[in-house]
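S.K.: Just so it is clear, I am handing over my_file_26.pdb, which has PDB, C-alpha atoms, pLDDT in the B column.
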```
ATOM      1  CA  MET A 610      -2.808  25.064  14.108  1.00 43.00           C
ATOM      2  CA  THR A 611      -3.141  28.369  12.327  1.00 43.00           C
ATOM      3  CA  VAL A 612      -2.455  31.526  14.253  1.00 43.00           C
ATOM      4  CA  GLN A 613      -4.117  34.849  13.564  1.00 49.00           C
ATOM      5  CA  PRO A 614      -2.053  37.417  11.663  1.00 48.00           C
ATOM      6  CA  GLY A 615       0.141  39.464  13.963  1.00 55.00           C
ATOM      7  CA  PHE A 616       0.578  36.642  16.472  1.00 59.00           C
ATOM      8  CA  ASP A 617       3.502  34.271  16.537  1.00 64.00           C
ATOM      9  CA  ASP A 618       5.104  31.776  18.869  1.00 66.00           C
ATOM     10  CA  ARG A 619       8.066  33.298  20.662  1.00 74.00           C
ATOM     11  CA  THR A 620      10.439  31.791  23.173  1.00 78.00           C
ATOM     12  CA  TYR A 621      12.080  34.054  25.725  1.00 76.00           C
ATOM     13  CA  LEU A 622      15.330  32.977  27.362  1.00 80.00           C
ATOM     14  CA  PRO A 623      16.316  34.098  30.850  1.00 76.00           C
ATOM     15  CA  VAL A 624      19.203  36.565  30.975  1.00 76.00           C
ATOM     16  CA  PRO A 625      21.476  35.804  33.954  1.00 75.00           C
ATOM     17  CA  ALA A 626      22.415  39.486  34.366  1.00 71.00           C
ATOM     18  CA  GLU A 627      18.716  40.320  34.886  1.00 73.00           C
ATOM     19  CA  GLN A 628      17.944  37.586  37.473  1.00 68.00           C
ATOM     20  CA  GLY A 629      17.821  40.140  40.311  1.00 71.00           C
ATOM     21  CA  SER A 630      15.297  42.303  38.454  1.00 74.00           C
ATOM     22  CA  VAL A 631      13.140  39.263  37.731  1.00 71.00           C
ATOM     23  CA  LEU A 632      13.276  38.262  41.394  1.00 71.00           C
ATOM     24  CA  ASP A 633      12.184  41.788  42.366  1.00 76.00           C
ATOM     25  CA  LEU A 634       9.294  41.572  39.874  1.00 76.00           C
ATOM     26  CA  VAL A 635       8.161  38.198  41.259  1.00 73.00           C
ATOM     27  CA  ALA A 636       8.247  39.543  44.831  1.00 76.00           C
ATOM     28  CA  ALA A 637       6.373  42.722  43.881  1.00 75.00           C
ATOM     29  CA  LEU A 638       3.679  40.875  41.953  1.00 72.00           C
ATOM     30  CA  LYS A 639       3.164  38.326  44.726  1.00 72.00           C
ATOM     31  CA  ALA A 640       3.011  41.025  47.411  1.00 71.00           C
ATOM     32  CA  ARG A 641       0.214  42.933  45.695  1.00 63.00           C
ATOM     33  CA  GLY A 642      -3.119  43.281  47.437  1.00 55.00           C
ATOM     34  CA  ARG A 643      -5.652  41.336  45.371  1.00 51.00           C
ATOM     35  CA  ASP A 644      -8.642  42.810  47.198  1.00 49.00           C
ATOM     36  CA  VAL A 645      -7.577  46.445  47.191  1.00 47.00           C
ATOM     37  CA  ALA A 646      -8.257  48.133  43.856  1.00 50.00           C
ATOM     38  CA  SER A 647      -5.823  50.980  44.562  1.00 51.00           C
ATOM     39  CA  VAL A 648      -2.948  48.494  44.957  1.00 65.00           C
ATOM     40  CA  ARG A 649      -3.505  46.772  41.622  1.00 72.00           C
ATOM     41  CA  PRO A 650      -0.368  46.584  39.485  1.00 79.00           C
ATOM     42  CA  ARG A 651      -0.010  49.169  36.739  1.00 80.00           C
ATOM     43  CA  LEU A 652       2.084  49.275  33.639  1.00 82.00           C
ATOM     44  CA  VAL A 653       3.853  52.593  33.107  1.00 85.00           C
ATOM     45  CA  LEU A 654       4.160  53.372  29.403  1.00 87.00           C
ATOM     46  CA  GLY A 655       6.946  55.327  27.727  1.00 88.00           C
ATOM     47  CA  ASP A 656       4.922  58.531  27.749  1.00 92.00           C
ATOM     48  CA  GLY A 657       4.361  58.259  31.504  1.00 88.00           C
ATOM     49  CA  SER A 658       0.734  57.163  31.252  1.00 90.00           C
ATOM     50  CA  GLU A 659      -0.366  54.173  33.334  1.00 88.00           C
ATOM     51  CA  VAL A 660      -2.576  51.217  32.516  1.00 88.00           C
ATOM     52  CA  GLU A 661      -4.013  48.988  35.232  1.00 85.00           C
ATOM     53  CA  LEU A 662      -3.221  45.311  34.624  1.00 83.00           C
ATOM     54  CA  PRO A 663      -6.167  42.891  34.736  1.00 85.00           C
ATOM     55  CA  GLU A 664      -5.783  40.100  37.296  1.00 82.00           C
ATOM     56  CA  PRO A 665      -5.401  37.317  34.662  1.00 84.00           C
ATOM     57  CA  MET A 666      -2.518  39.270  33.080  1.00 85.00           C
ATOM     58  CA  VAL A 667      -0.850  39.641  36.495  1.00 82.00           C
ATOM     59  CA  ASP A 668      -1.149  35.867  37.041  1.00 83.00           C
ATOM     60  CA  VAL A 669       0.502  35.258  33.657  1.00 86.00           C
ATOM     61  CA  LEU A 670       3.311  37.676  34.494  1.00 84.00           C
ATOM     62  CA  VAL A 671       3.919  35.922  37.834  1.00 83.00           C
ATOM     63  CA  GLN A 672       4.204  32.534  36.108  1.00 86.00           C
ATOM     64  CA  VAL A 673       6.513  33.891  33.392  1.00 86.00           C
ATOM     65  CA  ALA A 674       8.691  35.744  35.904  1.00 84.00           C
ATOM     66  CA  GLU A 675       8.962  32.703  38.206  1.00 85.00           C
ATOM     67  CA  ALA A 676       9.936  30.445  35.304  1.00 85.00           C
ATOM     68  CA  MET A 677      12.559  32.882  34.030  1.00 84.00           C
ATOM     69  CA  GLN A 678      13.871  33.473  37.558  1.00 82.00           C
ATOM     70  CA  ALA A 679      14.321  29.672  37.813  1.00 84.00           C
ATOM     71  CA  GLY A 680      16.394  29.776  34.612  1.00 84.00           C
ATOM     72  CA  LEU A 681      13.694  28.322  32.363  1.00 85.00           C
ATOM     73  CA  ALA A 682      12.829  29.501  28.867  1.00 85.00           C
ATOM     74  CA  VAL A 683       9.235  30.638  28.350  1.00 84.00           C
ATOM     75  CA  THR A 684       7.279  30.217  25.120  1.00 79.00           C
ATOM     76  CA  VAL A 685       4.277  32.409  24.456  1.00 77.00           C
ATOM     77  CA  ALA A 686       1.990  30.807  21.895  1.00 68.00           C
ATOM     78  CA  PRO A 687      -1.541  32.026  21.162  1.00 69.00           C
ATOM     79  CA  GLN A 688      -4.080  29.203  21.301  1.00 69.00           C
ATOM     80  CA  HIS A 689      -7.449  28.860  19.640  1.00 70.00           C
ATOM     81  CA  LEU A 690     -10.406  28.406  21.939  1.00 84.00           C
ATOM     82  CA  SER A 691     -11.325  25.283  19.965  1.00 90.00           C
ATOM     83  CA  LEU A 692      -8.716  22.565  19.444  1.00 92.00           C
ATOM     84  CA  SER A 693      -8.280  19.554  17.213  1.00 93.00           C
ATOM     85  CA  THR A 694      -7.637  16.179  18.837  1.00 95.00           C
ATOM     86  CA  GLN A 695      -3.928  16.504  17.949  1.00 95.00           C
ATOM     87  CA  GLU A 696      -3.675  19.967  19.515  1.00 91.00           C
ATOM     88  CA  ALA A 697      -5.437  18.649  22.628  1.00 94.00           C
ATOM     89  CA  ALA A 698      -3.052  15.689  22.750  1.00 95.00           C
ATOM     90  CA  ASP A 699      -0.060  18.010  22.484  1.00 92.00           C
ATOM     91  CA  LEU A 700      -1.386  20.173  25.321  1.00 89.00           C
ATOM     92  CA  LEU A 701      -2.000  17.138  27.563  1.00 94.00           C
ATOM     93  CA  GLY A 702       1.238  15.409  26.578  1.00 93.00           C
ATOM     94  CA  VAL A 703      -0.519  12.231  25.414  1.00 96.00           C
ATOM     95  CA  SER A 704      -1.183  10.561  22.067  1.00 96.00           C
ATOM     96  CA  ARG A 705      -4.022  11.642  19.795  1.00 96.00           C
ATOM     97  CA  MET A 706      -5.622   8.203  20.204  1.00 97.00           C
ATOM     98  CA  THR A 707      -5.629   8.638  23.982  1.00 97.00           C
ATOM     99  CA  VAL A 708      -7.530  11.905  23.535  1.00 97.00           C
ATOM    100  CA  VAL A 709      -9.985  10.197  21.166  1.00 97.00           C
ATOM    101  CA  ARG A 710     -10.586   7.457  23.772  1.00 97.00           C
ATOM    102  CA  LEU A 711     -11.164  10.108  26.471  1.00 97.00           C
ATOM    103  CA  LEU A 712     -13.663  11.886  24.214  1.00 97.00           C
ATOM    104  CA  GLU A 713     -15.527   8.718  23.339  1.00 96.00           C
ATOM    105  CA  ALA A 714     -15.631   7.707  27.026  1.00 97.00           C
ATOM    106  CA  GLY A 715     -17.261  11.041  27.870  1.00 96.00           C
ATOM    107  CA  GLN A 716     -14.331  12.286  29.942  1.00 96.00           C
ATOM    108  CA  ILE A 717     -14.032  15.474  27.867  1.00 97.00           C
ATOM    109  CA  PRO A 718     -16.957  17.109  26.027  1.00 96.00           C
ATOM    110  CA  PHE A 719     -16.496  17.763  22.312  1.00 95.00           C
ATOM    111  CA  ASP A 720     -18.328  18.886  19.186  1.00 94.00           C
ATOM    112  CA  ARG A 721     -18.281  17.281  15.794  1.00 92.00           C
ATOM    113  CA  PRO A 722     -19.309  20.029  13.360  1.00 88.00           C
ATOM    114  CA  GLY A 723     -18.217  17.887  10.398  1.00 89.00           C
ATOM    115  CA  ARG A 724     -15.962  14.880  10.233  1.00 92.00           C
ATOM    116  CA  HIS A 725     -13.498  16.115  12.843  1.00 93.00           C
ATOM    117  CA  ARG A 726     -13.887  16.421  16.599  1.00 95.00           C
ATOM    118  CA  ARG A 727     -13.336  19.872  18.145  1.00 95.00           C
ATOM    119  CA  ILE A 728     -12.586  20.375  21.842  1.00 95.00           C
ATOM    120  CA  ARG A 729     -13.163  23.619  23.679  1.00 93.00           C
ATOM    121  CA  MET A 730     -10.011  24.836  25.412  1.00 90.00           C
ATOM    122  CA  ALA A 731     -11.978  25.468  28.630  1.00 89.00           C
ATOM    123  CA  ASP A 732     -13.208  21.840  28.677  1.00 94.00           C
ATOM    124  CA  LEU A 733      -9.699  20.505  28.091  1.00 94.00           C
ATOM    125  CA  LEU A 734      -8.199  22.662  30.839  1.00 91.00           C
ATOM    126  CA  GLU A 735     -10.988  21.642  33.223  1.00 93.00           C
ATOM    127  CA  TYR A 736     -10.255  17.962  32.463  1.00 96.00           C
ATOM    128  CA  ARG A 737      -6.529  18.514  33.090  1.00 94.00           C
ATOM    129  CA  GLN A 738      -7.271  20.260  36.390  1.00 94.00           C
ATOM    130  CA  ARG A 739      -9.652  17.460  37.413  1.00 96.00           C
ATOM    131  CA  GLN A 740      -6.944  14.863  36.661  1.00 95.00           C
ATOM    132  CA  ARG A 741      -4.395  16.800  38.708  1.00 94.00           C
ATOM    133  CA  ARG A 742      -6.789  17.022  41.657  1.00 95.00           C
ATOM    134  CA  GLN A 743      -7.407  13.258  41.475  1.00 95.00           C
ATOM    135  CA  ALA A 744      -3.657  12.536  41.354  1.00 95.00           C
ATOM    136  CA  GLU A 745      -3.037  14.843  44.314  1.00 94.00           C
ATOM    137  CA  GLN A 746      -5.831  13.145  46.265  1.00 95.00           C
ATOM    138  CA  ALA A 747      -4.445   9.680  45.463  1.00 94.00           C
ATOM    139  CA  LEU A 748      -0.997  10.751  46.651  1.00 92.00           C
ATOM    140  CA  ALA A 749      -2.447  12.255  49.840  1.00 91.00           C
ATOM    141  CA  ASP A 750      -4.340   8.991  50.458  1.00 91.00           C
ATOM    142  CA  MET A 751      -1.160   6.938  49.982  1.00 89.00           C
ATOM    143  CA  VAL A 752       0.761   9.162  52.383  1.00 87.00           C
ATOM    144  CA  ALA A 753      -2.046   8.921  54.955  1.00 88.00           C
ATOM    145  CA  ASP A 754      -2.166   5.118  54.624  1.00 87.00           C
ATOM    146  CA  THR A 755       1.598   4.885  54.973  1.00 84.00           C
ATOM    147  CA  GLU A 756       1.552   7.095  58.073  1.00 83.00           C
ATOM    148  CA  ARG A 757      -1.394   5.174  59.552  1.00 83.00           C
ATOM    149  CA  LEU A 758       0.414   1.862  59.061  1.00 82.00           C
ATOM    150  CA  GLY A 759       3.617   3.257  60.537  1.00 78.00           C
ATOM    151  CA  LEU A 760       5.571   2.504  57.384  1.00 75.00           C
ATOM    152  CA  TYR A 761       7.557   5.733  57.569  1.00 74.00           C
ATOM    153  CA  ASP A 762       9.358   4.190  60.518  1.00 75.00           C
ATOM    154  CA  VAL A 763      10.547   1.174  58.497  1.00 74.00           C
ATOM    155  CA  ASP A 764      14.274   1.024  57.766  1.00 80.00           C
ATOM    156  CA  PRO A 765      14.733   1.848  54.042  1.00 79.00           C
ATOM    157  CA  GLU A 766      17.224  -0.986  53.567  1.00 84.00           C
ATOM    158  CA  ALA A 767      14.806  -3.483  55.130  1.00 82.00           C
ATOM    159  CA  ALA A 768      12.064  -2.224  52.807  1.00 79.00           C
ATOM    160  CA  ARG A 769      14.350  -2.645  49.754  1.00 84.00           C
ATOM    161  CA  THR A 770      15.266  -6.172  50.850  1.00 87.00           C
ATOM    162  CA  ALA A 771      11.616  -7.122  51.413  1.00 84.00           C
ATOM    163  CA  LEU A 772      10.646  -5.671  48.040  1.00 84.00           C
ATOM    164  CA  ALA A 773      13.447  -7.550  46.240  1.00 87.00           C
ATOM    165  CA  GLU A 774      12.407 -10.764  47.981  1.00 88.00           C
ATOM    166  CA  ALA A 775       8.745 -10.276  47.029  1.00 86.00           C
ATOM    167  CA  ARG A 776       9.732  -9.679  43.385  1.00 86.00           C
ATOM    168  CA  SER A 777      11.887 -12.811  43.244  1.00 87.00           C
ATOM    169  CA  GLN A 778       9.052 -14.865  44.814  1.00 86.00           C
ATOM    170  CA  ARG A 779       6.646 -13.548  42.141  1.00 82.00           C
ATOM    171  CA  ARG A 780       9.058 -14.549  39.335  1.00 81.00           C
ATOM    172  CA  LYS A 781       9.398 -18.077  40.776  1.00 79.00           C
ATOM    173  CA  GLY A 782       5.670 -18.580  41.236  1.00 66.00           C
TER     174      GLY A 782
END
```
Show me the file's structure as structure tokens.

M.R.:
Amino acid sequence: MTVQPGFDDRTYLPVPAEQGSVLDLVAALKARGRDVASVRPRLVLGDGSEVELPEPMVDVLVQVAEAMQAGLAVTVAPQHLSLSTQEAADLLGVSRMTVVRLLEAGQIPFDRPGRHRRIRMADLLEYRQRQRRQAEQALADMVADTERLGLYDVDPEAARTALAEARSQRRKG
């Protein structure tokens, strides 16, 4: 992936001595009034002038601050709006061939301006969000089924024993 001049990938490490300041920033950003224009966060520049922060920038700052407050490093890497199959695979955390199969199955729209497939970032992020929603729904369904069947009341040791027995029966049969 080529990055435009002036942009580079940078990783920022949390500084333990600044954890309190980061926590204050997270609290302040989360407490802001999203519907009240006069309460919108502002950046105060060195000369004292202020610039209102757009809502997407505030959301980014909240995510960065929360990650750093949790002791995680944060990497800022500019992304093209159109990705190769390998870049899409890297973003999804899957193999390039898995992405190709998803494209060919119609799961993610793509263009083929020449020999290579190109995927719009918005389409890839929408696919990822759709997959997360489906996983969350499947988990909610499993929890509901387990509650409905009263399986939360089963003794964990009895469940382990029954599972081990079922596995051994499967191996024998």

S.K.: I'd like the interatomic distance between atom CA of A:Leu701 and atom CA of A:Tyr736, to a tenth of an Å.

M.R.: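 About the pair atom CA of A:Leu701 and atom CA of A:Tyr736: they are 9.6 Å apart.
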
S.K.: Between atom CA of A:Thr755 and atom CA of A:Gln743, what distance in Å does the model show, to one decimal?

M.R.: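 Separating atom CA of A:Thr755 from atom CA of A:Gln743 is a distance of 18.3 Å.
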
S.K.: Take atom CA of A:Leu772 and atom CA of A:Leu760 and report the distance between them in Å, one decimal.

M.R.: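 Spanning atom CA of A:Leu772 to atom CA of A:Leu760 is a straight-line distance of 13.4 Å.
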
S.K.: Counting all atoms listed in the file, figure out which residue out of A:Arg739, A:Thr620, A:Val671, A:Asp656 gets nearest to A:Val685.

M.R.: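 Of the candidates, the smallest distance to A:Val685 is held by A:Thr620.
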
S.K.: Might you spell out which residues the PyMOL selection byres ((chain A and resi 728) around 8) would select in the displayed file, as a PyMOL selection string?

M.R.: chain A and resi 691-694+697+717-720+726-727+729-730+732-733

S.K.: For A:Leu734, which residue out of A:Ala698, A:Met666, A:Met677, A:Val624 is the nearest one, using all atoms listed in the file?

M.R.: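 Smallest separation from A:Leu734 among the options: A:Ala698.
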
S.K.: Pick from A:Leu670, A:Ala768, A:Ala744, A:Leu681: nearest to A:Pro623, with all atoms listed in the file counted?

M.R.: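 When distances to A:Pro623 are compared using all atoms listed in the file, the smallest one comes from A:Leu681.
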
S.K.: Assuming the chain letters and numbering stay as they are in my file, what does the PyMOL selection byres ((chain A and resi 678) around 10) actually select? List them as a list in words.

M.R.: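 Checked against the file, the PyMOL selection byres ((chain A and resi 678) around 10) matches Pro623, Val624, Pro625, Glu627, Gln628, Gly629, Ser630, Val631, Leu632, Asp633, Leu634, Val635, Gln672, Val673, Ala674, Glu675, Ala676, Met677, Ala679, Gly680, Leu681 and Ala682 of chain A.
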
S.K.: Ranking A:Glu661, A:Thr684, A:Glu696, A:Ser704 by minimum distance to A:Arg619 and counting only C-alpha atoms, which one comes first?

M.R.: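 With only C-alpha atoms as the atom set, the closest residue is A:Thr684.
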
S.K.: Between A:Arg737, A:Gly657, A:Asp762, A:Leu662, which residue has the minimum interatomic distance to A:Gly702, considering all atoms listed in the file?

M.R.: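 Using all atoms listed in the file, A:Gly702 sits closest to A:Arg737.
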